[in-house]
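Q: This is the content of data-v5.cif (mmCIF, C-alpha atoms):
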```cif
data_upload
#
loop_
_atom_site.group_PDB
_atom_site.id
_atom_site.type_symbol
_atom_site.label_atom_id
_atom_site.label_comp_id
_atom_site.auth_asym_id
_atom_site.auth_seq_id
_atom_site.Cartn_x
_atom_site.Cartn_y
_atom_site.Cartn_z
ATOM 1 C CA MET A 1 97.900 99.399 133.214
ATOM 2 C CA THR A 2 94.944 97.114 132.488
ATOM 3 C CA PRO A 3 94.295 96.671 128.763
ATOM 4 C CA GLU A 4 91.455 94.211 129.090
ATOM 5 C CA PRO A 5 89.197 94.461 126.006
ATOM 6 C CA ASN A 6 85.443 94.751 126.229
ATOM 7 C CA GLY A 7 85.029 91.891 123.794
ATOM 8 C CA ALA A 8 81.414 91.283 124.724
ATOM 9 C CA ALA A 9 80.469 94.870 123.951
ATOM 10 C CA GLU A 10 81.609 94.916 120.327
ATOM 11 C CA ALA A 11 82.984 92.410 117.861
ATOM 12 C CA PHE A 12 86.129 94.293 116.810
ATOM 13 C CA VAL A 13 88.337 96.191 119.244
ATOM 14 C CA HIS A 14 91.419 98.207 118.241
ATOM 15 C CA GLU A 15 93.587 99.614 121.022
ATOM 16 C CA GLY A 16 96.764 101.665 121.156
ATOM 17 C CA LEU A 17 99.082 100.806 124.050
ATOM 18 C CA PHE A 18 101.520 103.569 125.052
ATOM 19 C CA TYR A 19 104.579 102.458 127.033
ATOM 20 C CA ARG A 20 107.731 104.240 128.212
ATOM 21 C CA ASP A 21 110.003 101.343 129.160
ATOM 22 C CA PRO A 22 110.167 97.522 129.126
ATOM 23 C CA ASP A 23 108.283 97.241 132.419
ATOM 24 C CA GLU A 24 105.326 99.215 131.049
ATOM 25 C CA LEU A 25 105.432 97.198 127.835
ATOM 26 C CA LEU A 26 105.214 93.941 129.767
ATOM 27 C CA ALA A 27 102.507 95.309 132.068
ATOM 28 C CA GLY A 28 100.386 96.075 129.017
ATOM 29 C CA THR A 29 101.057 93.000 126.908
ATOM 30 C CA VAL A 30 101.535 89.982 129.169
ATOM 31 C CA PRO A 31 98.055 90.186 130.821
ATOM 32 C CA PHE A 32 96.589 90.669 127.351
ATOM 33 C CA VAL A 33 98.193 87.420 126.178
ATOM 34 C CA THR A 34 97.471 85.386 129.305
ATOM 35 C CA GLY A 35 93.914 86.705 129.456
ATOM 36 C CA GLY A 36 93.367 85.529 125.898
ATOM 37 C CA LEU A 37 94.740 82.086 126.691
ATOM 38 C CA ALA A 38 92.525 81.837 129.783
ATOM 39 C CA ALA A 39 89.510 82.693 127.631
ATOM 40 C CA GLY A 40 90.448 80.058 125.055
ATOM 41 C CA GLU A 41 91.251 82.663 122.401
ATOM 42 C CA PRO A 42 94.080 82.073 119.898
ATOM 43 C CA VAL A 43 96.767 84.752 120.275
ATOM 44 C CA LEU A 44 99.171 86.236 117.731
ATOM 45 C CA VAL A 45 102.084 88.395 118.887
ATOM 46 C CA ALA A 46 103.783 90.264 116.020
ATOM 47 C CA MET A 47 106.436 92.684 117.286
ATOM 48 C CA PRO A 48 109.970 93.733 116.351
ATOM 49 C CA GLY A 49 112.607 91.265 117.516
ATOM 50 C CA THR A 50 113.764 92.766 120.826
ATOM 51 C CA ASN A 51 110.237 93.381 122.105
ATOM 52 C CA LEU A 52 109.067 90.044 120.764
ATOM 53 C CA ARG A 53 111.730 88.223 122.775
ATOM 54 C CA LEU A 54 110.944 90.287 125.864
ATOM 55 C CA VAL A 55 107.244 89.382 125.803
ATOM 56 C CA ARG A 56 107.895 85.775 124.811
ATOM 57 C CA ASP A 57 110.298 85.265 127.706
ATOM 58 C CA ALA A 58 107.763 86.780 130.124
ATOM 59 C CA VAL A 59 104.865 84.653 128.867
ATOM 60 C CA GLY A 60 106.917 81.491 128.513
ATOM 61 C CA GLU A 61 106.562 78.711 125.974
ATOM 62 C CA THR A 62 102.908 77.823 125.699
ATOM 63 C CA ASP A 63 100.441 76.453 123.207
ATOM 64 C CA GLY A 64 97.914 78.865 121.797
ATOM 65 C CA VAL A 65 100.328 81.721 120.963
ATOM 66 C CA ARG A 66 101.891 82.361 117.581
ATOM 67 C CA TRP A 67 104.998 84.567 117.551
ATOM 68 C CA ALA A 68 106.116 86.643 114.547
ATOM 69 C CA ASP A 69 108.980 89.100 114.105
ATOM 70 C CA MET A 70 107.331 92.204 112.657
ATOM 71 C CA THR A 71 110.602 93.395 111.103
ATOM 72 C CA GLU A 72 110.220 90.464 108.705
ATOM 73 C CA ALA A 73 106.482 89.697 108.586
ATOM 74 C CA GLY A 74 105.625 93.394 108.373
ATOM 75 C CA ARG A 75 108.666 94.970 106.749
ATOM 76 C CA ASN A 76 106.206 96.125 104.074
ATOM 77 C CA PRO A 77 103.383 97.746 106.093
ATOM 78 C CA GLY A 78 100.945 97.016 103.264
ATOM 79 C CA ARG A 79 101.501 93.312 103.790
ATOM 80 C CA ILE A 80 100.393 93.269 107.435
ATOM 81 C CA ILE A 81 96.596 93.413 107.091
ATOM 82 C CA PRO A 82 96.144 90.729 104.412
ATOM 83 C CA TRP A 83 99.067 88.415 105.095
ATOM 84 C CA VAL A 84 99.464 88.671 108.887
ATOM 85 C CA LEU A 85 96.283 89.875 110.603
ATOM 86 C CA GLN A 86 93.590 88.672 108.189
ATOM 87 C CA ALA A 87 95.380 85.380 107.669
ATOM 88 C CA PHE A 88 95.343 84.707 111.419
ATOM 89 C CA ILE A 89 91.735 85.807 111.889
ATOM 90 C CA ASP A 90 90.551 83.736 108.915
ATOM 91 C CA GLN A 91 92.454 80.697 110.150
ATOM 92 C CA HIS A 92 90.423 80.838 113.354
ATOM 93 C CA ALA A 93 87.047 81.685 111.829
ATOM 94 C CA GLY A 94 84.243 81.281 114.335
ATOM 95 C CA ARG A 95 86.515 82.020 117.310
ATOM 96 C CA ARG A 96 87.484 85.290 118.920
ATOM 97 C CA VAL A 97 91.209 86.053 118.593
ATOM 98 C CA ARG A 98 93.648 88.433 120.244
ATOM 99 C CA ILE A 99 96.529 90.052 118.381
ATOM 100 C CA ILE A 100 99.406 92.233 119.486
ATOM 101 C CA GLY A 101 100.769 94.090 116.474
ATOM 102 C CA GLU A 102 103.615 96.621 116.687
ATOM 103 C CA PRO A 103 104.105 97.918 113.129
ATOM 104 C CA ILE A 104 105.786 101.217 114.082
ATOM 105 C CA TRP A 105 109.059 101.348 115.978
ATOM 106 C CA ALA A 106 112.024 103.683 116.299
ATOM 107 C CA GLY A 107 114.079 103.075 113.176
ATOM 108 C CA ARG A 108 111.219 102.900 110.680
ATOM 109 C CA SER A 109 112.300 105.167 107.822
ATOM 110 C CA ASP A 110 110.540 108.344 106.708
ATOM 111 C CA THR A 111 109.784 106.559 103.432
ATOM 112 C CA GLU A 112 108.057 103.688 105.244
ATOM 113 C CA TYR A 113 106.163 105.712 107.829
ATOM 114 C CA PRO A 114 103.252 107.037 105.694
ATOM 115 C CA ALA A 115 102.376 103.453 104.749
ATOM 116 C CA CYS A 116 102.574 102.503 108.440
ATOM 117 C CA ALA A 117 100.188 105.278 109.493
ATOM 118 C CA GLN A 118 97.726 104.380 106.743
ATOM 119 C CA HIS A 119 97.965 100.724 107.776
ATOM 120 C CA GLU A 120 96.945 101.560 111.342
ATOM 121 C CA ALA A 121 94.030 103.668 110.088
ATOM 122 C CA LEU A 122 92.825 101.015 107.641
ATOM 123 C CA ILE A 123 92.712 98.294 110.308
ATOM 124 C CA ASN A 124 89.552 99.974 111.589
ATOM 125 C CA MET A 125 87.848 99.591 108.207
ATOM 126 C CA ALA A 126 89.225 96.169 107.347
ATOM 127 C CA PHE A 127 87.928 94.260 110.365
ATOM 128 C CA VAL A 128 84.571 95.813 111.173
ATOM 129 C CA GLY A 129 82.394 93.098 112.696
ATOM 130 C CA ARG A 130 85.227 90.572 113.036
ATOM 131 C CA ASP A 131 85.683 88.823 116.381
ATOM 132 C CA ALA A 132 89.133 90.160 117.154
ATOM 133 C CA THR A 133 90.962 92.461 119.527
ATOM 134 C CA ILE A 134 94.136 94.080 118.214
ATOM 135 C CA LEU A 135 96.501 95.827 120.633
ATOM 136 C CA CYS A 136 99.179 98.061 119.071
ATOM 137 C CA PRO A 137 102.109 99.086 121.315
ATOM 138 C CA TYR A 138 103.768 102.505 120.868
ATOM 139 C CA ASP A 139 107.116 103.421 122.405
ATOM 140 C CA VAL A 140 106.465 106.879 123.849
ATOM 141 C CA ALA A 141 110.153 107.405 124.618
ATOM 142 C CA GLY A 142 111.421 106.398 121.182
ATOM 143 C CA LEU A 143 108.831 107.758 118.735
ATOM 144 C CA ASP A 144 108.250 111.308 117.525
ATOM 145 C CA ASP A 145 105.289 113.321 118.762
ATOM 146 C CA ASP A 146 103.783 113.334 115.249
ATOM 147 C CA VAL A 147 103.708 109.533 115.293
ATOM 148 C CA LEU A 148 101.935 109.498 118.641
ATOM 149 C CA THR A 149 99.435 112.092 117.392
ATOM 150 C CA ASP A 150 98.640 109.801 114.460
ATOM 151 C CA ALA A 151 98.246 106.892 116.888
ATOM 152 C CA TYR A 152 95.594 108.802 118.832
ATOM 153 C CA ALA A 153 93.740 109.302 115.539
ATOM 154 C CA THR A 154 93.955 105.678 114.400
ATOM 155 C CA HIS A 155 93.003 103.893 117.646
ATOM 156 C CA PRO A 156 89.516 104.328 119.106
ATOM 157 C CA ILE A 157 90.760 103.019 122.467
ATOM 158 C CA LEU A 158 93.938 104.216 124.203
ATOM 159 C CA VAL A 159 95.744 102.358 126.993
ATOM 160 C CA ASP A 160 98.548 103.685 129.195
ATOM 161 C CA ASP A 161 99.591 103.775 132.840
ATOM 162 C CA ALA A 162 96.497 105.895 133.577
ATOM 163 C CA GLY A 163 94.141 103.190 132.330
ATOM 164 C CA ARG A 164 91.920 102.527 129.328
ATOM 165 C CA ARG A 165 89.852 105.262 127.669
ATOM 166 C CA SER A 166 88.278 106.352 124.396
ATOM 167 C CA SER A 167 90.333 108.550 122.084
ATOM 168 C CA GLY A 168 88.823 111.977 121.522
ATOM 169 C CA ALA A 169 91.111 112.416 118.501
ATOM 170 C CA TYR A 170 89.936 109.263 116.685
ATOM 171 C CA ALA A 171 89.701 110.046 112.944
ATOM 172 C CA PRO A 172 91.211 107.232 110.841
ATOM 173 C CA SER A 173 89.855 108.459 107.494
ATOM 174 C CA ASP A 174 91.673 111.748 108.037
ATOM 175 C CA VAL A 175 94.951 109.868 108.473
ATOM 176 C CA VAL A 176 94.416 107.888 105.268
ATOM 177 C CA ALA A 177 93.791 111.116 103.365
ATOM 178 C CA ARG A 178 96.651 113.008 105.033
ATOM 179 C CA TYR A 179 99.226 110.563 103.692
ATOM 180 C CA ASN A 180 97.718 110.196 100.232
ATOM 181 C CA LEU A 181 100.243 112.699 98.893
ATOM 182 C CA PRO A 182 102.266 112.974 95.677
ATOM 183 C CA LEU A 183 105.368 110.850 96.076
ATOM 184 C CA PRO A 184 108.680 112.731 96.255
ATOM 185 C CA ALA A 185 110.664 113.000 93.036
ATOM 186 C CA PRO A 186 113.743 110.760 92.940
ATOM 187 C CA ALA A 187 117.163 112.361 93.161
ATOM 188 C CA GLU A 188 118.732 109.513 91.181
ATOM 189 C CA PRO A 189 118.800 109.025 87.383
ATOM 190 C CA VAL A 190 115.534 107.502 86.127
ATOM 191 C CA ALA A 191 114.916 105.100 83.243
ATOM 192 C CA THR A 192 111.436 105.388 81.668
ATOM 193 C CA LEU A 193 109.322 103.012 79.587
ATOM 194 C CA SER A 194 105.837 103.734 78.220
ATOM 195 C CA TYR A 195 103.741 100.631 77.631
ATOM 196 C CA ARG A 196 100.520 99.469 75.991
ATOM 197 C CA PHE A 197 99.008 96.051 75.481
ATOM 198 C CA ASP A 198 101.210 95.254 72.492
ATOM 199 C CA THR A 199 104.400 96.282 74.330
ATOM 200 C CA LEU A 200 103.626 94.586 77.649
ATOM 201 C CA PRO A 201 106.288 91.858 77.174
ATOM 202 C CA THR A 202 108.969 94.553 77.137
ATOM 203 C CA VAL A 203 108.014 95.485 80.703
ATOM 204 C CA ARG A 204 109.335 92.205 82.090
ATOM 205 C CA THR A 205 112.586 92.492 80.115
ATOM 206 C CA PHE A 206 113.047 96.125 81.145
ATOM 207 C CA VAL A 207 112.540 95.338 84.846
ATOM 208 C CA ALA A 208 114.760 92.242 84.751
ATOM 209 C CA GLY A 209 117.645 94.158 83.228
ATOM 210 C CA HIS A 210 117.552 96.872 85.855
ATOM 211 C CA GLY A 211 117.094 94.343 88.651
ATOM 212 C CA GLN A 212 120.192 92.457 87.603
ATOM 213 C CA VAL A 213 122.284 95.623 87.343
ATOM 214 C CA ALA A 214 121.060 96.689 90.807
ATOM 215 C CA GLY A 215 122.302 93.387 92.236
ATOM 216 C CA LEU A 216 119.015 91.588 92.955
ATOM 217 C CA ASP A 217 119.261 87.816 92.898
ATOM 218 C CA GLU A 218 117.289 85.719 90.449
ATOM 219 C CA GLU A 219 114.392 85.070 92.829
ATOM 220 C CA ARG A 220 113.928 88.744 93.707
ATOM 221 C CA VAL A 221 114.110 89.742 90.042
ATOM 222 C CA ALA A 222 111.336 87.229 89.330
ATOM 223 C CA ASP A 223 109.253 88.636 92.223
ATOM 224 C CA LEU A 224 109.679 92.150 90.869
ATOM 225 C CA GLN A 225 108.718 91.066 87.353
ATOM 226 C CA ILE A 226 105.510 89.525 88.695
ATOM 227 C CA ALA A 227 104.662 92.624 90.741
ATOM 228 C CA VAL A 228 105.292 95.107 87.938
ATOM 229 C CA THR A 229 103.465 92.959 85.393
ATOM 230 C CA GLU A 230 100.422 92.766 87.691
ATOM 231 C CA LEU A 231 100.306 96.560 87.910
ATOM 232 C CA ALA A 232 100.932 97.100 84.201
ATOM 233 C CA THR A 233 98.211 94.598 83.307
ATOM 234 C CA ASN A 234 95.799 96.451 85.595
ATOM 235 C CA SER A 235 96.685 99.695 83.795
ATOM 236 C CA ILE A 236 95.836 98.160 80.459
ATOM 237 C CA ALA A 237 92.623 96.521 81.672
ATOM 238 C CA HIS A 238 91.238 99.248 83.937
ATOM 239 C CA ALA A 239 93.109 102.526 83.428
ATOM 240 C CA GLY A 240 92.900 103.549 79.798
ATOM 241 C CA GLY A 241 95.041 100.854 78.230
ATOM 242 C CA ALA A 242 98.454 102.382 78.857
ATOM 243 C CA GLY A 243 100.897 103.529 81.519
ATOM 244 C CA VAL A 244 104.416 104.677 82.273
ATOM 245 C CA LEU A 245 107.053 102.656 84.128
ATOM 246 C CA ARG A 246 110.009 104.400 85.768
ATOM 247 C CA VAL A 247 112.946 102.630 87.396
ATOM 248 C CA TRP A 248 115.848 103.873 89.527
ATOM 249 C CA TRP A 249 117.900 102.670 92.430
ATOM 250 C CA THR A 250 119.249 104.067 95.660
ATOM 251 C CA ALA A 251 121.905 102.647 97.968
ATOM 252 C CA GLU A 252 119.216 100.538 99.681
ATOM 253 C CA HIS A 253 116.474 99.820 97.132
ATOM 254 C CA LEU A 254 115.636 99.222 93.527
ATOM 255 C CA VAL A 255 112.507 101.286 92.908
ATOM 256 C CA CYS A 256 109.910 100.684 90.195
ATOM 257 C CA GLU A 257 107.053 103.118 89.709
ATOM 258 C CA ILE A 258 103.899 102.637 87.648
ATOM 259 C CA HIS A 259 101.749 105.632 86.719
ATOM 260 C CA ASP A 260 98.442 105.457 84.871
ATOM 261 C CA ASP A 261 95.119 107.267 84.553
ATOM 262 C CA GLY A 262 93.200 104.974 86.903
ATOM 263 C CA TRP A 263 91.890 105.764 90.363
ATOM 264 C CA LEU A 264 92.038 103.468 93.398
ATOM 265 C CA ALA A 265 88.941 104.909 95.022
ATOM 266 C CA ASP A 266 88.774 102.164 97.671
ATOM 267 C CA PRO A 267 91.445 102.799 100.351
ATOM 268 C CA LEU A 268 91.425 99.072 101.151
ATOM 269 C CA ALA A 269 92.456 98.118 97.602
ATOM 270 C CA GLY A 270 95.277 95.617 97.959
ATOM 271 C CA ARG A 271 94.899 95.450 101.740
ATOM 272 C CA LEU A 272 92.511 92.474 101.974
ATOM 273 C CA THR A 273 92.785 89.072 100.386
ATOM 274 C CA PRO A 274 89.687 88.352 98.277
ATOM 275 C CA ALA A 275 87.412 85.425 98.985
ATOM 276 C CA LYS A 276 88.743 82.110 97.706
ATOM 277 C CA ASP A 277 85.910 81.920 95.201
ATOM 278 C CA GLY A 278 86.300 85.586 94.192
ATOM 279 C CA VAL A 279 87.263 86.663 90.697
ATOM 280 C CA GLY A 280 89.859 89.424 90.371
ATOM 281 C CA GLY A 281 91.057 91.762 93.079
ATOM 282 C CA ARG A 282 94.220 89.793 93.728
ATOM 283 C CA GLY A 283 96.802 91.805 91.784
ATOM 284 C CA LEU A 284 97.675 94.515 94.312
ATOM 285 C CA VAL A 285 97.496 92.026 97.204
ATOM 286 C CA ILE A 286 100.123 89.929 95.415
ATOM 287 C CA VAL A 287 102.227 93.045 94.861
ATOM 288 C CA GLN A 288 102.104 93.813 98.598
ATOM 289 C CA ALA A 289 103.269 90.278 99.362
ATOM 290 C CA LEU A 290 106.228 90.372 96.987
ATOM 291 C CA CYS A 291 107.706 93.819 97.641
ATOM 292 C CA ASP A 292 109.584 95.282 100.597
ATOM 293 C CA LEU A 293 107.597 98.522 100.493
ATOM 294 C CA VAL A 294 104.665 99.762 98.407
ATOM 295 C CA ARG A 295 103.698 103.431 98.341
ATOM 296 C CA VAL A 296 100.548 104.653 96.588
ATOM 297 C CA HIS A 297 99.212 108.060 95.593
ATOM 298 C CA SER A 298 95.795 107.938 93.952
ATOM 299 C CA THR A 299 93.266 110.603 92.942
ATOM 300 C CA ALA A 300 90.700 111.000 90.187
ATOM 301 C CA ALA A 301 93.538 112.441 88.062
ATOM 302 C CA GLY A 302 95.579 109.213 88.151
ATOM 303 C CA THR A 303 97.461 106.691 90.268
ATOM 304 C CA THR A 304 101.134 106.210 91.063
ATOM 305 C CA VAL A 305 102.309 102.973 92.687
ATOM 306 C CA ARG A 306 105.934 102.827 93.799
ATOM 307 C CA LEU A 307 107.575 99.481 94.582
ATOM 308 C CA HIS A 308 110.757 99.096 96.628
ATOM 309 C CA MET A 309 112.968 96.012 96.621
ATOM 310 C CA ARG A 310 115.923 95.848 98.986
ATOM 311 C CA ARG A 311 119.305 95.594 97.355
ATOM 312 C CA PRO A 312 121.820 93.190 98.876
ATOM 313 C CA ALA A 313 124.204 94.802 101.349
#
```
Rewrite the structure from the file as structure tokens, please.
A:
Amino acid sequence: MTPEPNGAAEAFVHEGLFYRDPDELLAGTVPFVTGGLAAGEPVLVAMPGTNLRLVRDAVGETDGVRWADMTEAGRNPGRIIPWVLQAFIDQHAGRRVRIIGEPIWAGRSDTEYPACAQHEALINMAFVGRDATILCPYDVAGLDDDVLTDAYATHPILVDDAGRRSSGAYAPSDVVARYNLPLPAPAEPVATLSYRFDTLPTVRTFVAGHGQVAGLDEERVADLQIAVTELATNSIAHAGGAGVLRVWWTAEHLVCEIHDDGWLADPLAGRLTPAKDGVGGRGLVIVQALCDLVRVHSTAAGTTVRLHMRRPA
């Protein structure tokens, strides 16, 4: 297994690494990290805890590598591009970087997975022309065949024990579209609030009340208020001046859903941080940062954004 990127051939490289056991994982990741260090390239390794420790122990403590537990840094898949990958690339502007990112692992829920698949597809659009190589490991033994099929479609380069090759199934836009589906109806009781500009203050009160009843602490209630207010304000400013807020909770999450008549035509909306001197475009990026999961369904007929906040155990 030799996942050495052809960095000189193209600025941005996105590879899927398919491994069956810890030995194959290390064979695919450790040379990638050490090769980056030898080339003077900053390296970020963002993987779930067990794999992160495995690779870190094999590489050893060394300058030039940043380590991040993806179960925390990327628990919301929509947070990974702007707040993990882009942040690292921007920090090292003018230098080529290498990143290992494992956003999909056995144990990701069915609710989270569509956002994960879209994340992997959108990487290809987000970093065109950037001097970066991103290697995404996939556990062949632990993941479903449908997940691996999506991985073939979202990675232009595939790496496994047979070597490195182009993916004949590469079609990231198809994956983005495939998971842009109506969100499933909740089974739980739902509280509903319609809002306009003159009733916007009631949104914060409505959300706070439900957050407190659901057991969120004061800080998480404040985060949720900010996130919902950002979306409601966008509805008023850009989507006909009104919207509908629905709230319910499950055993694991408090869920807030905003529906309006707008259309997020850009699939990267909320997935890239705007330029520091930019005006606007920050609302959905902030929402991604604050929430534990964000699901979106958007067409010309309207947009639904569903926010999940973990309830305390």
Q: Between A:Ala289, A:Ala191, A:Ala38, A:Val159, which has the minimum distance to Pro82 in chain A (counting all atoms listed in the file)?
A: A:Ala289
Q: Work out how far CA of Arg108 in chain A is from CA of Gly78 in chain A, in Å to one decimal.
A: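 Between CA of Gly78 in chain A and CA of Arg108 in chain A the gap works out to 14.0 Å.
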Q: Compile the contact shell of range 304-308 of chain A as an MDAnalysis selection string: residues with an atom at most 10 Å away, counting all atoms listed in the file, same-chain residues fewer than 2 positions apart removed.
A: chainID A and resid 76 182:183 224 227:228 231 243:250 252:264 284 287:288 290:299 302 310:311
Q: List every protein, DNA or RNA residue with an atom no more than 9 Å from (93.9, 90.2, 111.1) in the file's coordinates, counting only C-alpha atoms, and format the result as an MDAnalysis selection string.
A: chainID A and resid 80:90 97 99 123 126:127 130 132 134
Q: Do a neighbour search on Leu200 in chain A at 10 Å with only C-alpha atoms, toss out local chain neighbours closer than 5 positions, and write the hits as an NGL selection string.
A: :A and (194-195 or 205 or 229 or 232-233 or 236 or 242)
Q: Now that the selection is made, can you save its residues with C-alpha atoms as a PDB file, in the coordinates of the input?
A:
```
ATOM      1  CA  SER A 194     105.837 103.734  78.220  1.00  0.00           C
ATOM      2  CA  TYR A 195     103.741 100.631  77.631  1.00  0.00           C
ATOM      3  CA  THR A 205     112.586  92.492  80.115  1.00  0.00           C
ATOM      4  CA  THR A 229     103.465  92.959  85.393  1.00  0.00           C
ATOM      5  CA  ALA A 232     100.932  97.100  84.201  1.00  0.00           C
ATOM      6  CA  THR A 233      98.211  94.598  83.307  1.00  0.00           C
ATOM      7  CA  ILE A 236      95.836  98.160  80.459  1.00  0.00           C
ATOM      8  CA  ALA A 242      98.454 102.382  78.857  1.00  0.00           C
TER       9      ALA A 242
END
```
Q: Give the answer as one residue: which of A:Gly211, A:Ala239, A:Ala162, A:Asp266 has the shortest atom-to-atom distance to Val176 in chain A, using only C-alpha atoms?
A: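 Of all the options, A:Asp266 lies closest to Val176 in chain A.
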Q: Which residue, A:Asn180, A:Ala27, A:Leu193, A:Arg56, has the smallest gap to Phe206 in chain A when you use only C-alpha atoms?
A: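 For Phe206 in chain A, the nearest of the given residues is A:Leu193.
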Q: A:Asp217, A:Asp144, A:Asp139, A:Glu230: which is nearest Met309 in chain A, counting only C-alpha atoms?
A: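 Once distances to Met309 in chain A are computed over only C-alpha atoms, the minimum belongs to A:Asp217.
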Q: Which polymer residues, protein or nucleic acid, are no farther than 10 Å from (110.6, 94.2, 121.4), counting all atoms listed in the file, as a PyMOL selection string?
A: chain A and resi 22+25-26+46-56+69-70+102+105+137+139
Q: Would you work out the distance separating CA of Tyr19 in chain A from CA of Ser166 in chain A, expressed in Å to one decimal?
A: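 That distance, rounded to one decimal, is 17.0 Å.
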Q: One number please: CA of Ala177 in chain A to CA of Ala265 in chain A, in Å, one decimal.
A: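 A separation of 11.5 Å between them.
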Q: With only C-alpha atoms as the counted atoms, please give the residues lying no more than 10 Å from Val128 in chain A, apart from itself and same-chain residues fewer than 5 positions off, as a list of chain:residue names.
A: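 Near Val128 in chain A, the qualifying residues are A:Glu10, A:Ala11, A:Phe12, A:Val13, A:Ile123.
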Q: Find the axis-aligned box for range 251-254 of chain A, covering all its listed atoms and adding 8 Å on each side, and write its centre and edge lengths in Å to one decimal as lines of an AutoDock Vina configuration file.
A:
```
center_x = 118.8
center_y = 100.9
center_z = 96.6
size_x = 22.3
size_y = 19.4
size_z = 22.2
```
Q: Please determine, counting all atoms listed in the file, which residue among A:Gly168, A:Pro103, A:Gly163, A:Pro42 has the shortest atom-to-atom distance to Glu24 in chain A.
A: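 That would be A:Gly163, the residue with the smallest distance to Glu24 in chain A.
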Q: Kindly indicate which residue among A:Thr149, A:Thr62, A:Thr303, A:Gln91 lies nearest to Gly16 in chain A, using all atoms listed in the file for the distances.
A: A:Thr149
Q: Could you write out as a PDB file with C-alpha atoms, in the frame of the given file the residues that the PyMOL selection byres ((chain A and resi 152) around 9) matches in the shown file?
A:
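Output contents, as saved in part_1.pdb:
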```pdb
ATOM      1  CA  GLY A  16      96.764 101.665 121.156  1.00  0.00           C
ATOM      2  CA  VAL A 147     103.708 109.533 115.293  1.00  0.00           C
ATOM      3  CA  LEU A 148     101.935 109.498 118.641  1.00  0.00           C
ATOM      4  CA  THR A 149      99.435 112.092 117.392  1.00  0.00           C
ATOM      5  CA  ASP A 150      98.640 109.801 114.460  1.00  0.00           C
ATOM      6  CA  ALA A 151      98.246 106.892 116.888  1.00  0.00           C
ATOM      7  CA  ALA A 153      93.740 109.302 115.539  1.00  0.00           C
ATOM      8  CA  THR A 154      93.955 105.678 114.400  1.00  0.00           C
ATOM      9  CA  HIS A 155      93.003 103.893 117.646  1.00  0.00           C
ATOM     10  CA  PRO A 156      89.516 104.328 119.106  1.00  0.00           C
ATOM     11  CA  ILE A 157      90.760 103.019 122.467  1.00  0.00           C
ATOM     12  CA  LEU A 158      93.938 104.216 124.203  1.00  0.00           C
ATOM     13  CA  SER A 167      90.333 108.550 122.084  1.00  0.00           C
ATOM     14  CA  GLY A 168      88.823 111.977 121.522  1.00  0.00           C
ATOM     15  CA  ALA A 169      91.111 112.416 118.501  1.00  0.00           C
ATOM     16  CA  TYR A 170      89.936 109.263 116.685  1.00  0.00           C
ATOM     17  CA  ALA A 171      89.701 110.046 112.944  1.00  0.00           C
TER      18      ALA A 171
END
```
Q: Selected by the PyMOL selection byres ((chain A and resi 117) around 9) in the shown coordinates: which residues, as a PyMOL selection string?
A: chain A and resi 77+104+113-116+118-122+147+150-151+154+175-176+179
